[in-house]
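Notes follow the structure.
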Amino acid sequence: MYTLYYMPGACSLAVHVLLNELNQEVKLENVSVPQGQPRSSEFLKVNPRGQVPVLVDDELILREGGAIISYLLDKHNSPMLPKLAQERANAMEWLMFANATMHPTYAKAFFINRIIKDEASKEEAITAIVEQIDKLWAEVDEQLGKTKYICGDQITAADILLTVIANWASYLGKPVELGGNVKRMIKEVINRPTFQKALTDEKIEYKALAMAVK
């Protein structure tokens, strides 16, 4: 059985959904703490960085979301990460776009909200970052104008991770602009039983579509 260290609604939610997609048993360890409080010493032994997701598979401990996702999908031979070179490269590019481009852009806003005390300065900085986020979603929307999912007719891990990230708008303090194609994809993903189960297990309400710019 896998062990997944998570925080409700964080990027670890994507790993949780994928484990459901793969029909794998998982022990869930919620490591969230009140803002400003340190992570538990037990969790810091597993990941000194104090970040999620962390996946434990027997003796193997993985501490980076992209590595966890590719490991799981390869191990269980899932079509959510294709095997053929060109298709795989495309799927990996969009997964890394979600994990290494979209995710850090949202993280900048979270940092600003936590650190900057002057409201005028905070407003200016958050507005600039949300403009960047809107441009990234516009790129996703353009791609989804050509395909059902981000890489074609088959759902991939990138669709799931992007859907998880979209729900972080409530932490920005400003609405994010999601195009019609993005909203269509999100609806497809969140209606999957595997996604609904993860939301229920983590006690998360999905608000991205309701909060998006009309």
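Residue numbers start at 1 in each chain; chains themselves are named A, B, ... in the order of the structure tokens; ligands are numbered from 1 in the order shown.
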
Neighbour list for region 137-139 of chain A as an mmCIF file with N, CA and C atoms, in the first residue's frame, cut-off 9 Å, only C-alpha atoms, skip fewer than 4 positions in-chain:
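Output file result.cif is given in full below:
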```
data_model
loop_
_atom_site.group_PDB
_atom_site.id
_atom_site.type_symbol
_atom_site.label_atom_id
_atom_site.label_comp_id
_atom_site.auth_asym_id
_atom_site.auth_seq_id
_atom_site.Cartn_x
_atom_site.Cartn_y
_atom_site.Cartn_z
ATOM 1 N N MET A 102 2.894 26.858 -14.321
ATOM 2 C CA MET A 102 1.648 27.347 -13.721
ATOM 3 C C MET A 102 1.717 27.340 -12.192
ATOM 4 N N GLN A 132 -0.270 37.474 -15.258
ATOM 5 C CA GLN A 132 0.559 36.379 -15.765
ATOM 6 C C GLN A 132 -0.235 35.079 -15.800
ATOM 7 N N ILE A 133 -0.983 34.817 -14.728
ATOM 8 C CA ILE A 133 -1.779 33.594 -14.650
ATOM 9 C C ILE A 133 -2.816 33.559 -15.771
ATOM 10 N N GLN A 143 -4.848 25.723 -26.689
ATOM 11 C CA GLN A 143 -4.556 24.316 -26.972
ATOM 12 C C GLN A 143 -5.828 23.472 -26.913
ATOM 13 N N LEU A 144 -6.663 23.735 -25.937
ATOM 14 C CA LEU A 144 -7.891 22.952 -25.779
ATOM 15 C C LEU A 144 -8.932 23.291 -26.839
ATOM 16 N N VAL A 176 -9.727 34.753 -11.660
ATOM 17 C CA VAL A 176 -8.861 34.370 -12.770
ATOM 18 C C VAL A 176 -9.731 34.157 -14.004
ATOM 19 N N GLU A 177 -9.205 34.517 -15.141
ATOM 20 C CA GLU A 177 -9.962 34.373 -16.385
ATOM 21 C C GLU A 177 -9.717 32.991 -16.983
ATOM 22 N N LEU A 178 -10.756 32.182 -17.015
ATOM 23 C CA LEU A 178 -10.694 30.850 -17.616
ATOM 24 C C LEU A 178 -11.558 30.850 -18.866
ATOM 25 N N GLY A 179 -10.965 30.486 -19.993
ATOM 26 C CA GLY A 179 -11.698 30.451 -21.250
ATOM 27 C C GLY A 179 -12.693 29.307 -21.301
ATOM 28 N N VAL A 182 -11.168 25.787 -21.412
ATOM 29 C CA VAL A 182 -10.644 25.359 -20.109
ATOM 30 C C VAL A 182 -11.797 24.915 -19.210
#
```

Name the residues in contact with region 20-37 of chain A at a cut-off of 7 Å, using only C-alpha atoms, excluding same-chain residues fewer than 6 positions from it; report them as an mmCIF file with C-alpha atoms, in the first residue's frame.
```
data_model
loop_
_atom_site.group_PDB
_atom_site.id
_atom_site.type_symbol
_atom_site.label_atom_id
_atom_site.label_comp_id
_atom_site.auth_asym_id
_atom_site.auth_seq_id
_atom_site.Cartn_x
_atom_site.Cartn_y
_atom_site.Cartn_z
ATOM 1 C CA MET A 1 0.000 0.000 0.000
ATOM 2 C CA TYR A 2 1.163 3.510 -0.821
ATOM 3 C CA THR A 3 1.349 6.306 1.732
ATOM 4 C CA LEU A 4 0.584 9.818 0.488
ATOM 5 C CA TYR A 5 1.442 12.842 2.604
ATOM 6 C CA TYR A 6 -0.870 15.641 1.526
ATOM 7 C CA MET A 7 -2.489 18.941 2.389
ATOM 8 C CA THR A 194 -11.929 9.400 -9.046
#
```

Nearest residue to Ala10 (chain A) from the set A:Pro53, A:Gly66, A:Pro38, A:Pro79 (distances using only C-alpha atoms):
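Comparing A:Pro53, A:Gly66, A:Pro38, A:Pro79 against Ala10 (chain A), the winner is A:Pro53.
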
If we count only C-alpha atoms and set the cut-off at 10 Å, which residues sit around Thr156 (chain A), ignoring sequence neighbours fewer than 6 positions away in its own chain? Please answer as a list in words.
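My list of contacting residues is Leu18, Leu73, Ser78, Pro79, Met80, Leu81, Pro82, Ala91, Met92, Trp94, Leu95, Tyr149 and Ile150 of chain A.
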
Can you write just those residues out, N, CA and C atoms, as a tab-separated table (two decimals), in the first residue's frame?
```tsv
chain	number	residue	atom	x	y	z
A	18	LEU	N	-4.87	10.50	-9.10
A	18	LEU	CA	-4.22	9.49	-9.94
A	18	LEU	C	-4.18	8.13	-9.25
A	73	LEU	N	2.48	6.42	-13.00
A	73	LEU	CA	1.88	6.09	-14.29
A	73	LEU	C	2.74	5.10	-15.07
A	78	SER	N	-0.05	3.16	-17.22
A	78	SER	CA	-1.27	3.93	-17.47
A	78	SER	C	-1.14	4.74	-18.77
A	79	PRO	N	-2.21	4.78	-19.57
A	79	PRO	CA	-2.20	5.62	-20.78
A	79	PRO	C	-2.20	7.11	-20.46
A	80	MET	N	-2.36	7.48	-19.18
A	80	MET	CA	-2.27	8.89	-18.82
A	80	MET	C	-0.86	9.44	-18.99
A	81	LEU	N	0.11	8.55	-19.22
A	81	LEU	CA	1.46	8.96	-19.62
A	81	LEU	C	1.87	8.03	-20.75
A	82	PRO	N	1.71	8.47	-22.00
A	82	PRO	CA	1.95	7.59	-23.15
A	82	PRO	C	3.37	7.05	-23.17
A	91	ALA	N	3.01	14.86	-23.68
A	91	ALA	CA	2.35	14.73	-22.38
A	91	ALA	C	3.23	15.25	-21.25
A	92	MET	N	4.54	14.97	-21.33
A	92	MET	CA	5.47	15.44	-20.31
A	92	MET	C	5.62	16.95	-20.36
A	94	TRP	N	3.34	19.18	-21.21
A	94	TRP	CA	2.19	19.81	-20.58
A	94	TRP	C	2.14	19.53	-19.07
A	95	LEU	N	2.61	18.35	-18.67
A	95	LEU	CA	2.68	18.08	-17.23
A	95	LEU	C	3.68	19.02	-16.57
A	149	TYR	N	-8.87	17.00	-24.60
A	149	TYR	CA	-8.01	17.20	-23.44
A	149	TYR	C	-6.72	17.86	-23.91
A	150	ILE	N	-5.84	18.16	-23.00
A	150	ILE	CA	-4.68	18.98	-23.34
A	150	ILE	C	-3.77	18.32	-24.37
```

Could you please write out, as a short mmCIF file (atom, residue, chain, number, x, y, z; two decimals) with N, CA and C atoms, in the first residue's frame, every residue of chain A that DSSP assigns to helix (DSSP H, G or I)?
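Listed below is the output, part-v4.cif:
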```
data_model
loop_
_atom_site.label_atom_id
_atom_site.label_comp_id
_atom_site.auth_asym_id
_atom_site.auth_seq_id
_atom_site.Cartn_x
_atom_site.Cartn_y
_atom_site.Cartn_z
N SER A 12 -0.82 17.95 -4.11
CA SER A 12 -0.91 16.54 -3.75
C SER A 12 -2.26 15.95 -4.11
N LEU A 13 -3.28 16.80 -4.29
CA LEU A 13 -4.60 16.31 -4.70
C LEU A 13 -4.52 15.60 -6.04
N ALA A 14 -3.67 16.09 -6.94
CA ALA A 14 -3.52 15.44 -8.25
C ALA A 14 -3.00 14.02 -8.10
N VAL A 15 -2.04 13.82 -7.20
CA VAL A 15 -1.52 12.47 -6.94
C VAL A 15 -2.61 11.59 -6.35
N HIS A 16 -3.38 12.15 -5.44
CA HIS A 16 -4.51 11.43 -4.82
C HIS A 16 -5.48 10.95 -5.91
N VAL A 17 -5.84 11.84 -6.83
CA VAL A 17 -6.76 11.48 -7.92
C VAL A 17 -6.15 10.37 -8.77
N LEU A 18 -4.87 10.50 -9.10
CA LEU A 18 -4.22 9.49 -9.94
C LEU A 18 -4.18 8.13 -9.25
N LEU A 19 -3.94 8.10 -7.96
CA LEU A 19 -3.98 6.83 -7.24
C LEU A 19 -5.38 6.21 -7.33
N ASN A 20 -6.41 7.05 -7.28
CA ASN A 20 -7.77 6.55 -7.48
C ASN A 20 -7.96 6.03 -8.90
N GLU A 21 -7.44 6.76 -9.87
CA GLU A 21 -7.53 6.33 -11.27
C GLU A 21 -6.87 4.97 -11.47
N SER A 41 7.46 17.13 13.50
CA SER A 41 8.81 16.56 13.40
C SER A 41 8.78 15.23 12.67
N GLU A 42 7.68 14.48 12.80
CA GLU A 42 7.56 13.19 12.12
C GLU A 42 7.56 13.39 10.60
N PHE A 43 6.80 14.40 10.13
CA PHE A 43 6.78 14.64 8.68
C PHE A 43 8.11 15.18 8.19
N LEU A 44 8.75 16.03 8.97
CA LEU A 44 10.03 16.60 8.55
C LEU A 44 11.13 15.54 8.45
N LYS A 45 10.96 14.45 9.14
CA LYS A 45 11.90 13.33 8.96
C LYS A 45 11.73 12.71 7.58
N VAL A 46 10.49 12.73 7.08
CA VAL A 46 10.20 12.17 5.76
C VAL A 46 10.60 13.15 4.66
N GLY A 65 6.36 16.31 -7.04
CA GLY A 65 5.13 15.91 -7.70
C GLY A 65 5.33 15.32 -9.08
N GLY A 66 6.16 15.96 -9.91
CA GLY A 66 6.38 15.45 -11.26
C GLY A 66 6.97 14.06 -11.26
N ALA A 67 7.92 13.82 -10.35
CA ALA A 67 8.54 12.50 -10.25
C ALA A 67 7.53 11.46 -9.76
N ILE A 68 6.70 11.85 -8.79
CA ILE A 68 5.69 10.93 -8.26
C ILE A 68 4.70 10.53 -9.34
N ILE A 69 4.23 11.52 -10.09
CA ILE A 69 3.23 11.26 -11.13
C ILE A 69 3.79 10.34 -12.21
N SER A 70 4.97 10.65 -12.72
CA SER A 70 5.55 9.82 -13.78
C SER A 70 5.87 8.42 -13.27
N TYR A 71 6.33 8.31 -12.01
CA TYR A 71 6.62 7.00 -11.42
C TYR A 71 5.37 6.14 -11.36
N LEU A 72 4.30 6.70 -10.84
CA LEU A 72 3.06 5.93 -10.69
C LEU A 72 2.50 5.50 -12.04
N LEU A 73 2.48 6.42 -13.00
CA LEU A 73 1.88 6.09 -14.29
C LEU A 73 2.74 5.10 -15.07
N ASP A 74 4.06 5.17 -14.92
CA ASP A 74 4.93 4.17 -15.55
C ASP A 74 4.79 2.81 -14.85
N LYS A 75 4.80 2.81 -13.54
CA LYS A 75 4.74 1.56 -12.79
C LYS A 75 3.46 0.79 -13.10
N ALA A 85 7.44 7.83 -28.04
CA ALA A 85 8.33 8.96 -27.75
C ALA A 85 7.68 10.32 -27.97
N GLN A 86 7.08 10.55 -29.13
CA GLN A 86 6.53 11.87 -29.43
C GLN A 86 5.32 12.17 -28.55
N GLU A 87 4.44 11.19 -28.39
CA GLU A 87 3.26 11.38 -27.55
C GLU A 87 3.67 11.59 -26.09
N ARG A 88 4.67 10.84 -25.67
CA ARG A 88 5.14 10.97 -24.28
C ARG A 88 5.76 12.35 -24.05
N ALA A 89 6.57 12.80 -25.02
CA ALA A 89 7.20 14.12 -24.88
C ALA A 89 6.14 15.22 -24.78
N ASN A 90 5.08 15.10 -25.57
CA ASN A 90 4.01 16.09 -25.52
C ASN A 90 3.30 16.07 -24.17
N ALA A 91 3.01 14.86 -23.68
CA ALA A 91 2.35 14.73 -22.38
C ALA A 91 3.23 15.25 -21.25
N MET A 92 4.54 14.97 -21.33
CA MET A 92 5.47 15.44 -20.31
C MET A 92 5.62 16.95 -20.36
N GLU A 93 5.61 17.52 -21.57
CA GLU A 93 5.74 18.97 -21.69
C GLU A 93 4.56 19.67 -20.99
N TRP A 94 3.34 19.18 -21.21
CA TRP A 94 2.19 19.81 -20.58
C TRP A 94 2.14 19.53 -19.07
N LEU A 95 2.61 18.35 -18.67
CA LEU A 95 2.68 18.08 -17.23
C LEU A 95 3.68 19.02 -16.57
N MET A 96 4.82 19.24 -17.20
CA MET A 96 5.81 20.16 -16.64
C MET A 96 5.34 21.61 -16.72
N PHE A 97 4.56 21.94 -17.74
CA PHE A 97 3.95 23.28 -17.79
C PHE A 97 3.09 23.51 -16.56
N ALA A 98 2.28 22.52 -16.21
CA ALA A 98 1.43 22.63 -15.02
C ALA A 98 2.27 22.68 -13.76
N ASN A 99 3.26 21.80 -13.67
CA ASN A 99 4.02 21.63 -12.43
C ASN A 99 5.11 22.68 -12.24
N ALA A 100 5.73 23.11 -13.33
CA ALA A 100 6.91 23.97 -13.22
C ALA A 100 6.70 25.38 -13.76
N THR A 101 5.56 25.65 -14.38
CA THR A 101 5.26 27.00 -14.86
C THR A 101 4.02 27.56 -14.18
N MET A 102 2.89 26.86 -14.32
CA MET A 102 1.65 27.35 -13.72
C MET A 102 1.72 27.34 -12.19
N HIS A 103 2.13 26.22 -11.61
CA HIS A 103 2.19 26.09 -10.15
C HIS A 103 3.05 27.19 -9.51
N PRO A 104 4.30 27.42 -9.96
CA PRO A 104 5.12 28.46 -9.33
C PRO A 104 4.55 29.87 -9.49
N THR A 105 3.80 30.11 -10.55
CA THR A 105 3.22 31.43 -10.73
C THR A 105 2.16 31.70 -9.65
N TYR A 106 1.32 30.71 -9.38
CA TYR A 106 0.38 30.84 -8.27
C TYR A 106 1.13 30.98 -6.95
N ALA A 107 2.23 30.22 -6.81
CA ALA A 107 2.98 30.25 -5.55
C ALA A 107 3.53 31.65 -5.25
N LYS A 108 3.87 32.41 -6.28
CA LYS A 108 4.32 33.78 -6.07
C LYS A 108 3.24 34.60 -5.36
N ALA A 109 2.00 34.42 -5.81
CA ALA A 109 0.90 35.16 -5.20
C ALA A 109 0.69 34.74 -3.75
N PHE A 110 0.80 33.45 -3.48
CA PHE A 110 0.64 32.98 -2.10
C PHE A 110 1.71 33.60 -1.20
N PHE A 111 2.94 33.67 -1.72
CA PHE A 111 4.04 34.25 -0.95
C PHE A 111 3.77 35.73 -0.67
N ILE A 112 3.32 36.43 -1.67
CA ILE A 112 3.04 37.87 -1.51
C ILE A 112 1.94 38.09 -0.48
N ASN A 113 0.88 37.31 -0.57
CA ASN A 113 -0.23 37.45 0.38
C ASN A 113 0.23 37.19 1.82
N ARG A 114 1.20 36.31 1.95
CA ARG A 114 1.67 35.93 3.29
C ARG A 114 2.69 36.92 3.85
N ILE A 115 3.51 37.50 2.98
CA ILE A 115 4.66 38.28 3.44
C ILE A 115 4.43 39.79 3.42
N GLU A 119 -1.00 47.09 2.08
CA GLU A 119 -2.09 46.65 1.21
C GLU A 119 -1.96 47.17 -0.21
N ALA A 120 -1.49 48.39 -0.37
CA ALA A 120 -1.35 48.95 -1.72
C ALA A 120 -0.29 48.19 -2.51
N SER A 121 0.83 47.90 -1.85
CA SER A 121 1.90 47.15 -2.51
C SER A 121 1.45 45.73 -2.83
N LYS A 122 0.72 45.14 -1.91
CA LYS A 122 0.20 43.78 -2.12
C LYS A 122 -0.75 43.75 -3.31
N GLU A 123 -1.65 44.71 -3.38
CA GLU A 123 -2.63 44.80 -4.47
C GLU A 123 -1.94 44.91 -5.82
N GLU A 124 -0.92 45.75 -5.88
CA GLU A 124 -0.19 45.95 -7.14
C GLU A 124 0.50 44.66 -7.57
N ALA A 125 1.15 43.99 -6.62
CA ALA A 125 1.89 42.77 -6.94
C ALA A 125 0.95 41.64 -7.34
N ILE A 126 -0.14 41.46 -6.60
CA ILE A 126 -1.09 40.39 -6.92
C ILE A 126 -1.73 40.62 -8.29
N THR A 127 -2.07 41.87 -8.59
CA THR A 127 -2.65 42.20 -9.89
C THR A 127 -1.71 41.80 -11.02
N ALA A 128 -0.42 42.07 -10.85
CA ALA A 128 0.57 41.73 -11.88
C ALA A 128 0.67 40.22 -12.05
N ILE A 129 0.63 39.49 -10.95
CA ILE A 129 0.75 38.04 -11.04
C ILE A 129 -0.50 37.41 -11.66
N VAL A 130 -1.67 37.92 -11.29
CA VAL A 130 -2.90 37.39 -11.88
C VAL A 130 -2.91 37.64 -13.40
N GLU A 131 -2.34 38.73 -13.85
CA GLU A 131 -2.21 38.97 -15.29
C GLU A 131 -1.36 37.87 -15.94
N GLN A 132 -0.27 37.47 -15.26
CA GLN A 132 0.56 36.38 -15.77
C GLN A 132 -0.23 35.08 -15.80
N ILE A 133 -0.98 34.82 -14.73
CA ILE A 133 -1.78 33.59 -14.65
C ILE A 133 -2.82 33.56 -15.77
N ASP A 134 -3.47 34.69 -16.03
CA ASP A 134 -4.46 34.74 -17.10
C ASP A 134 -3.83 34.41 -18.46
N LYS A 135 -2.61 34.88 -18.69
CA LYS A 135 -1.92 34.58 -19.95
C LYS A 135 -1.63 33.08 -20.07
N LEU A 136 -1.27 32.46 -18.96
CA LEU A 136 -1.00 31.02 -18.99
C LEU A 136 -2.28 30.23 -19.28
N TRP A 137 -3.38 30.63 -18.65
CA TRP A 137 -4.65 29.94 -18.92
C TRP A 137 -5.11 30.19 -20.35
N ALA A 138 -4.80 31.35 -20.91
CA ALA A 138 -5.15 31.62 -22.31
C ALA A 138 -4.40 30.66 -23.23
N GLU A 139 -3.15 30.34 -22.88
CA GLU A 139 -2.37 29.37 -23.66
C GLU A 139 -3.02 27.99 -23.58
N VAL A 140 -3.45 27.62 -22.38
CA VAL A 140 -4.13 26.33 -22.21
C VAL A 140 -5.43 26.31 -23.00
N ASP A 141 -6.18 27.42 -22.96
CA ASP A 141 -7.46 27.48 -23.66
C ASP A 141 -7.26 27.34 -25.17
N GLU A 142 -6.20 27.97 -25.68
CA GLU A 142 -5.91 27.86 -27.11
C GLU A 142 -5.64 26.41 -27.50
N GLN A 143 -4.85 25.72 -26.69
CA GLN A 143 -4.56 24.32 -26.97
C GLN A 143 -5.83 23.47 -26.91
N LEU A 144 -6.66 23.73 -25.94
CA LEU A 144 -7.89 22.95 -25.78
C LEU A 144 -8.93 23.29 -26.84
N ALA A 157 -2.26 13.13 -17.12
CA ALA A 157 -2.01 13.69 -15.78
C ALA A 157 -2.02 15.21 -15.80
N ALA A 158 -1.63 15.81 -16.92
CA ALA A 158 -1.60 17.27 -17.01
C ALA A 158 -2.99 17.86 -16.83
N ASP A 159 -4.00 17.23 -17.40
CA ASP A 159 -5.38 17.72 -17.24
C ASP A 159 -5.79 17.71 -15.77
N ILE A 160 -5.40 16.64 -15.08
CA ILE A 160 -5.77 16.53 -13.67
C ILE A 160 -5.04 17.58 -12.84
N LEU A 161 -3.74 17.76 -13.06
CA LEU A 161 -2.99 18.74 -12.28
C LEU A 161 -3.47 20.16 -12.58
N LEU A 162 -3.74 20.47 -13.84
CA LEU A 162 -4.25 21.80 -14.18
C LEU A 162 -5.60 22.06 -13.51
N THR A 163 -6.44 21.04 -13.44
CA THR A 163 -7.74 21.18 -12.79
C THR A 163 -7.58 21.43 -11.30
N VAL A 164 -6.62 20.78 -10.68
CA VAL A 164 -6.33 21.02 -9.26
C VAL A 164 -5.85 22.45 -9.06
N ILE A 165 -4.93 22.90 -9.88
CA ILE A 165 -4.36 24.25 -9.74
C ILE A 165 -5.43 25.31 -9.94
N ALA A 166 -6.34 25.09 -10.87
CA ALA A 166 -7.39 26.08 -11.14
C ALA A 166 -8.20 26.41 -9.90
N ASN A 167 -8.30 25.45 -8.99
CA ASN A 167 -9.11 25.66 -7.79
C ASN A 167 -8.42 26.52 -6.74
N TRP A 168 -7.20 26.96 -7.02
CA TRP A 168 -6.47 27.80 -6.07
C TRP A 168 -6.85 29.28 -6.19
N ALA A 169 -7.77 29.60 -7.10
CA ALA A 169 -8.13 31.01 -7.31
C ALA A 169 -8.64 31.66 -6.03
N SER A 170 -9.26 30.88 -5.15
CA SER A 170 -9.82 31.45 -3.92
C SER A 170 -8.74 32.01 -3.00
N TYR A 171 -7.48 31.60 -3.21
CA TYR A 171 -6.39 32.09 -2.37
C TYR A 171 -5.73 33.34 -2.95
N GLY A 180 -13.56 29.34 -22.29
CA GLY A 180 -14.59 28.33 -22.42
C GLY A 180 -14.05 26.93 -22.60
N ASN A 181 -12.93 26.79 -23.31
CA ASN A 181 -12.35 25.46 -23.51
C ASN A 181 -11.77 24.90 -22.21
N VAL A 182 -11.17 25.79 -21.41
CA VAL A 182 -10.64 25.36 -20.11
C VAL A 182 -11.80 24.91 -19.21
N LYS A 183 -12.87 25.69 -19.18
CA LYS A 183 -14.01 25.33 -18.34
C LYS A 183 -14.60 23.98 -18.76
N ARG A 184 -14.67 23.75 -20.07
CA ARG A 184 -15.16 22.45 -20.55
C ARG A 184 -14.29 21.31 -20.05
N MET A 185 -12.96 21.48 -20.17
CA MET A 185 -12.04 20.44 -19.71
C MET A 185 -12.18 20.21 -18.22
N ILE A 186 -12.25 21.30 -17.44
CA ILE A 186 -12.37 21.18 -15.99
C ILE A 186 -13.63 20.40 -15.62
N LYS A 187 -14.73 20.69 -16.28
CA LYS A 187 -15.98 19.97 -16.00
C LYS A 187 -15.82 18.47 -16.26
N GLU A 188 -15.14 18.14 -17.36
CA GLU A 188 -14.90 16.73 -17.69
C GLU A 188 -14.10 16.06 -16.57
N VAL A 189 -13.07 16.74 -16.09
CA VAL A 189 -12.17 16.15 -15.10
C VAL A 189 -12.85 16.03 -13.74
N ILE A 190 -13.49 17.10 -13.27
CA ILE A 190 -14.05 17.06 -11.91
C ILE A 190 -15.24 16.11 -11.81
N PRO A 193 -15.45 10.06 -11.30
CA PRO A 193 -15.62 9.53 -9.93
C PRO A 193 -14.35 9.57 -9.11
N THR A 194 -13.21 9.40 -9.75
CA THR A 194 -11.93 9.40 -9.05
C THR A 194 -11.61 10.78 -8.47
N PHE A 195 -11.99 11.82 -9.20
CA PHE A 195 -11.76 13.18 -8.72
C PHE A 195 -12.74 13.51 -7.60
N GLN A 196 -13.99 13.11 -7.78
CA GLN A 196 -15.00 13.36 -6.76
C GLN A 196 -14.66 12.66 -5.45
N LYS A 197 -14.14 11.44 -5.55
CA LYS A 197 -13.76 10.71 -4.34
C LYS A 197 -12.63 11.42 -3.60
N ALA A 198 -11.66 11.92 -4.35
CA ALA A 198 -10.55 12.62 -3.71
C ALA A 198 -11.03 13.91 -3.05
N LEU A 199 -11.93 14.65 -3.70
CA LEU A 199 -12.49 15.84 -3.09
C LEU A 199 -13.21 15.52 -1.79
N THR A 200 -13.98 14.43 -1.81
CA THR A 200 -14.71 14.01 -0.61
C THR A 200 -13.75 13.61 0.50
N ASP A 201 -12.73 12.82 0.15
CA ASP A 201 -11.77 12.35 1.16
C ASP A 201 -11.02 13.52 1.80
N GLU A 202 -10.70 14.54 1.00
CA GLU A 202 -9.94 15.67 1.52
C GLU A 202 -10.84 16.81 2.01
N ALA A 208 -13.51 26.61 -8.60
CA ALA A 208 -12.83 27.35 -9.69
C ALA A 208 -13.81 27.88 -10.73
N LEU A 209 -14.77 27.06 -11.12
CA LEU A 209 -15.67 27.48 -12.19
C LEU A 209 -16.57 28.62 -11.72
N ALA A 210 -17.02 28.55 -10.48
CA ALA A 210 -17.90 29.59 -9.95
C ALA A 210 -17.17 30.91 -9.76
N MET A 211 -15.87 30.85 -9.50
CA MET A 211 -15.10 32.05 -9.20
C MET A 211 -14.45 32.66 -10.42
#
```

Hey, what does DSSP flag as strand (DSSP E or B) within region 46-212 of chain A? Can you give it to me as a ChimeraX atom specification?
/A:54-57,60-62,149,152

Store the residues picked out above, limited to N, CA and C atoms, as a compact mmCIF listing (two decimals), in the first residue's frame.
```
# COMPACT_ATOMS: atom_id res chain seq x y z
N VAL A 54 4.35 13.93 -0.85
CA VAL A 54 5.38 12.92 -0.63
C VAL A 54 4.70 11.58 -0.76
N LEU A 55 5.30 10.71 -1.56
CA LEU A 55 4.76 9.35 -1.75
C LEU A 55 5.77 8.35 -1.22
N VAL A 56 5.28 7.42 -0.40
CA VAL A 56 6.12 6.34 0.11
C VAL A 56 5.62 5.03 -0.48
N ASP A 57 6.53 4.31 -1.11
CA ASP A 57 6.24 2.99 -1.69
C ASP A 57 7.30 2.03 -1.19
N LEU A 60 10.98 3.17 -1.05
CA LEU A 60 11.15 4.34 -1.91
C LEU A 60 10.35 5.52 -1.37
N ILE A 61 11.01 6.68 -1.26
CA ILE A 61 10.34 7.92 -0.86
C ILE A 61 10.57 8.94 -1.98
N LEU A 62 9.46 9.45 -2.54
CA LEU A 62 9.53 10.46 -3.59
C LEU A 62 8.93 11.76 -3.07
N TYR A 149 -8.87 17.00 -24.60
CA TYR A 149 -8.01 17.20 -23.44
C TYR A 149 -6.72 17.86 -23.91
N GLY A 152 -4.96 15.63 -26.45
CA GLY A 152 -5.75 14.91 -27.45
C GLY A 152 -7.04 14.38 -26.86
```

Just the number, please: distance in Å from CA of Cys11 (chain A) to CA of Asn77 (chain A), one decimal.
22.1 Å

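CA of Lys148 (chain A) to CA of Lys83 (chain A) spans 19.9 Å [interatomic distance, one decimal].
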